[in-house]
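Here the structure is laid out as structure tokens; the discussion comes afterwards.
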Amino acid sequence: MFTDQRPQHEHWMRRCLELARLGAASAAPNPMVGAVLVQGDRVLAEGWHKVPGSGHAEVECLRAFGDAPVPHDAVMYVNLEPCAHHGRTPPCADLLIKRGVNHVVVGQRDPHPQVAGAGIAKLMNAGAAVIEGLLEHECRWAQRRFLTSLEKGRPYIVLKWARSQDGLLDQHPRTARGVQRISSPTTDVLVHRWRTEEQAILVGSRTVLNDDPSLTVRHVHGRQPLRIVLDRGGITPDTSTLYADGGPTLLFTGSTRPSLRLEQVRTHPHEDPIRAILAALHQRDIRSVLVEGGATLIGQFIASGLWDEARVITGERSLGTGTPAPVLERAPALENWCGGDHIALYTNGTLHGTWDW
């Protein structure tokens, strides 16, 4: 019976999550979704959502299957409820009905107000058998950026910093403006992949002043996140790489700087700058932000409780004197090694499912 095959259903739902991850660096602000069409133990077709405006996972899956009639006992697995509304593309629920998909397994309901159970209801009203909530915790973890945006009204926040063996972010005294390397080249490649998976990357004024970073994706192929600088005091030089290289940059400032040809948002002196930034990013449909420093800015996020993940890299070298790294008073959810560096993942909640290093 369709409803008595839980181990098989879980196997194919995990395959959906693998496919969904292929859109990690391209699908946002849309959710990451994978779909698998199965008959018995045989995969008939697979699909995943690639970029906004392209076919949703179910559409790509049925396109890969072709125009032949869908077998009456075939099962469509999808980690997020099929949409029921006209957006950039027609409703996926309507397509499943039209193509005669009689069995559907859904990982979780879509909390988007235009869906929110309507896709499942459409399918069931058309006579399809639907199982929902399969591996729901794992599906929610995979979709955490999209869900945080919809349910909390802010981007998903990832804090990241690299610390030396003796717990420092940098070495004093500084002899030149530039990035002081702590992590290994192998870890740098990993960090650049992390950048492609978030829509925005945020640093404070001291990081720009001291390091003059570019915050670009260079070591891997993928999306370039919007670069954001918080500099209410106007201390960052106009010649900083972030301002001069022509890449997309958004500056949050106390006073507009006419000398800079980039988008600027003024913050009021008594306004919480973190909440102002999060509100502005949410208005732009930015689902996630990677906060890369420095110590003051990361410390403000930690103190306010406004963070979802922290990724802490501990390199092999010691620095002696410098800026103390932030400290999280909790145990890491996961730990791993990369290129000689120790990486700890902290979550401001519960970790469900797997995390891709």
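The chains in the structure tokens are called A, B, ... from first to last as shown; in each chain the residues are counted from 1, and the ligands are counted from 1 in the order shown.
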field: DSSP-assigned alpha helix (DSSP H) members of range 160-281 of chain A, reported as a VMD selection string
entry: chain A and resid 185 to 196 205 to 211 241 to 244 273 to 281
field: 9 Å contact set for Ala126 in chain A, only C-alpha atoms, chain neighbours under 5 positions out, as a PyMOL selection string
entry: chain A and resi 97+102+121
task: Please give the complete set of residues from range 169-272 of chain A that DSSP, run on the backbone, assigns to strand (DSSP E or B), formatted as a PyMOL selection string.
output: chain A and resi 200-204+226-231+249-253+263-266
Selected residues written out, C-alpha atoms, as a tab-separated table (two decimals), in the first residue's frame:
```
chain	number	residue	atom	x	y	z
A	200	ALA	CA	24.42	39.09	1.45
A	201	ILE	CA	27.69	39.45	3.36
A	202	LEU	CA	28.13	42.02	6.15
A	203	VAL	CA	31.17	43.62	7.79
A	204	GLY	CA	31.71	46.56	10.11
A	226	LEU	CA	25.51	41.71	-1.95
A	227	ARG	CA	28.29	43.29	0.13
A	228	ILE	CA	27.11	45.36	3.08
A	229	VAL	CA	29.15	47.76	5.19
A	230	LEU	CA	28.01	49.24	8.51
A	231	ASP	CA	29.91	52.52	8.94
A	249	THR	CA	27.77	47.21	-2.23
A	250	LEU	CA	25.24	48.67	0.20
A	251	LEU	CA	26.50	51.16	2.81
A	252	PHE	CA	24.67	51.86	6.07
A	253	THR	CA	25.90	55.25	7.22
A	263	GLU	CA	23.61	52.73	-2.66
A	264	GLN	CA	23.51	54.19	0.84
A	265	VAL	CA	21.02	53.90	3.70
A	266	ARG	CA	21.08	56.46	6.48
```
task: Might you pull out every residue within 10 Å of Leu351 in chain A, with only C-alpha atoms counted and same-chain residues fewer than 2 positions away left off, and present them as a list in words?
output: His137, Glu138, Trp141, Glu309, Ala333, Leu334, Leu345, Tyr346, Thr347, Asn348, Gly349, Gly353, Thr354 and Trp355 of chain A
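In this structure, CA of Cys92 in chain A sits 28.4 Å away from CA of Leu281 in chain A.
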task: Might you pull out every residue within 8 Å of Ile182 in chain A, with only C-alpha atoms counted and same-chain residues fewer than 4 positions away left off, and present them as a ChimeraX atom specification?
output: /A:162-164,314-317
message: Show me, as a ChimeraX atom specification, the residues that have an atom within 12 Å of Gly117 in chain A when counting only C-alpha atoms, minus same-chain residues fewer than 5 positions from it.
response: /A:80-85,93,106,108-112,122-124,130,132-133
Each residue of range 240-307 of chain A lying at most 9 Å from range 318-326 of chain A should get a row with its shortest atom-to-atom pair and the distance in Å to one decimal, counting only C-alpha atoms; could you produce that, ordered by chain and increasing number, as CSV?
```
residue,atom,partner,partner_atom,distance
A:Gly294,CA,A:Ala325,CA,8.9
A:Ala295,CA,A:Pro326,CA,6.3
A:Thr296,CA,A:Pro326,CA,8.7
A:Ile298,CA,A:Pro326,CA,7.3
A:Gly299,CA,A:Pro326,CA,6.4
A:Ile302,CA,A:Pro326,CA,8.7
```
Hey, can you spit out that residue selection with N, CA and C atoms as a JSON list (two decimals), in the first residue's frame?
```json
[["chain", "number", "residue", "atom", "x", "y", "z"],
["A", 294, "GLY", "N", 33.69, 42.73, 12.14],
["A", 294, "GLY", "CA", 34.69, 42.18, 13.07],
["A", 294, "GLY", "C", 34.11, 41.86, 14.44],
["A", 295, "ALA", "N", 35.00, 41.96, 15.46],
["A", 295, "ALA", "CA", 34.65, 41.52, 16.80],
["A", 295, "ALA", "C", 33.47, 42.30, 17.38],
["A", 296, "THR", "N", 33.45, 43.61, 17.18],
["A", 296, "THR", "CA", 32.38, 44.43, 17.74],
["A", 296, "THR", "C", 31.04, 44.08, 17.12],
["A", 298, "ILE", "N", 30.11, 41.32, 15.39],
["A", 298, "ILE", "CA", 29.69, 39.96, 15.73],
["A", 298, "ILE", "C", 29.22, 39.91, 17.18],
["A", 299, "GLY", "N", 29.93, 40.61, 18.05],
["A", 299, "GLY", "CA", 29.53, 40.65, 19.46],
["A", 299, "GLY", "C", 28.15, 41.25, 19.65],
["A", 302, "ILE", "N", 25.61, 38.59, 18.75],
["A", 302, "ILE", "CA", 25.53, 37.57, 19.80],
["A", 302, "ILE", "C", 24.78, 38.11, 21.01]]
```
- request: Skip His192 in chain A itself and residues of its chain fewer than 5 positions away, then list as a ChimeraX atom specification all residues within 12 Å of it, counting only C-alpha atoms.
  value: /A:25,160,185-187,197-198,201,214-225,290,292,357
Within 9 Å of Leu150 in chain A, counting only C-alpha atoms, which residues show up once you throw out same-chain ones fewer than 4 positions away? Write them as a PDB file with N, CA, C and O atoms, in the first residue's frame, please.
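Listed below is the output, selection.pdb:
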```pdb
ATOM      1  N   PRO A 111       4.950  27.569   4.005  1.00  0.00           N
ATOM      2  CA  PRO A 111       4.297  28.584   4.831  1.00  0.00           C
ATOM      3  C   PRO A 111       3.971  29.878   4.085  1.00  0.00           C
ATOM      4  O   PRO A 111       3.368  30.782   4.660  1.00  0.00           O
ATOM      5  N   HIS A 112       4.376  29.972   2.820  1.00  0.00           N
ATOM      6  CA  HIS A 112       4.062  31.181   2.058  1.00  0.00           C
ATOM      7  C   HIS A 112       2.549  31.390   2.056  1.00  0.00           C
ATOM      8  O   HIS A 112       1.781  30.454   1.802  1.00  0.00           O
ATOM      9  N   PRO A 113       2.091  32.612   2.340  1.00  0.00           N
ATOM     10  CA  PRO A 113       0.642  32.858   2.442  1.00  0.00           C
ATOM     11  C   PRO A 113      -0.151  32.450   1.215  1.00  0.00           C
ATOM     12  O   PRO A 113      -1.336  32.111   1.327  1.00  0.00           O
ATOM     13  N   ARG A 145      16.695  29.080   5.576  1.00  0.00           N
ATOM     14  CA  ARG A 145      16.790  30.489   5.176  1.00  0.00           C
ATOM     15  C   ARG A 145      15.422  31.010   4.729  1.00  0.00           C
ATOM     16  O   ARG A 145      14.979  32.083   5.159  1.00  0.00           O
ATOM     17  N   PHE A 146      14.783  30.279   3.854  1.00  0.00           N
ATOM     18  CA  PHE A 146      13.463  30.666   3.346  1.00  0.00           C
ATOM     19  C   PHE A 146      12.451  30.743   4.482  1.00  0.00           C
ATOM     20  O   PHE A 146      11.669  31.696   4.583  1.00  0.00           O
ATOM     21  N   ARG A 154      12.777  38.311   8.912  1.00  0.00           N
ATOM     22  CA  ARG A 154      14.166  38.783   8.823  1.00  0.00           C
ATOM     23  C   ARG A 154      15.000  37.744   8.097  1.00  0.00           C
ATOM     24  O   ARG A 154      14.588  36.586   7.966  1.00  0.00           O
ATOM     25  N   PRO A 155      16.193  38.119   7.636  1.00  0.00           N
ATOM     26  CA  PRO A 155      17.062  37.122   7.007  1.00  0.00           C
ATOM     27  C   PRO A 155      17.594  36.111   8.030  1.00  0.00           C
ATOM     28  O   PRO A 155      17.687  36.395   9.227  1.00  0.00           O
ATOM     29  N   ARG A 287      17.152  36.585   1.838  1.00  0.00           N
ATOM     30  CA  ARG A 287      16.770  35.553   2.803  1.00  0.00           C
ATOM     31  C   ARG A 287      17.854  35.245   3.827  1.00  0.00           C
ATOM     32  O   ARG A 287      17.566  34.650   4.859  1.00  0.00           O
TER      33      ARG A 287
END
```
- prompt: What is the distance between CA of Lys98 in chain A and CA of Arg42 in chain A, in Å to one decimal?
  reply: 22.4 Å
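The spacing separating CA of His103 in chain A from CA of His72 in chain A amounts to 8.4 Å.
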task: Find the residue from A:Ala64, A:Cys139, A:Ala303, A:Val189 that sits nearest to Glu18 in chain A; use only C-alpha atoms when measuring.
output: A:Cys139
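With only C-alpha atoms as the atoms that count, the minimum distance from Glu151 in chain A to the choices A:Gln8, A:Val33, A:His282, A:Leu297 is reached by A:His282.
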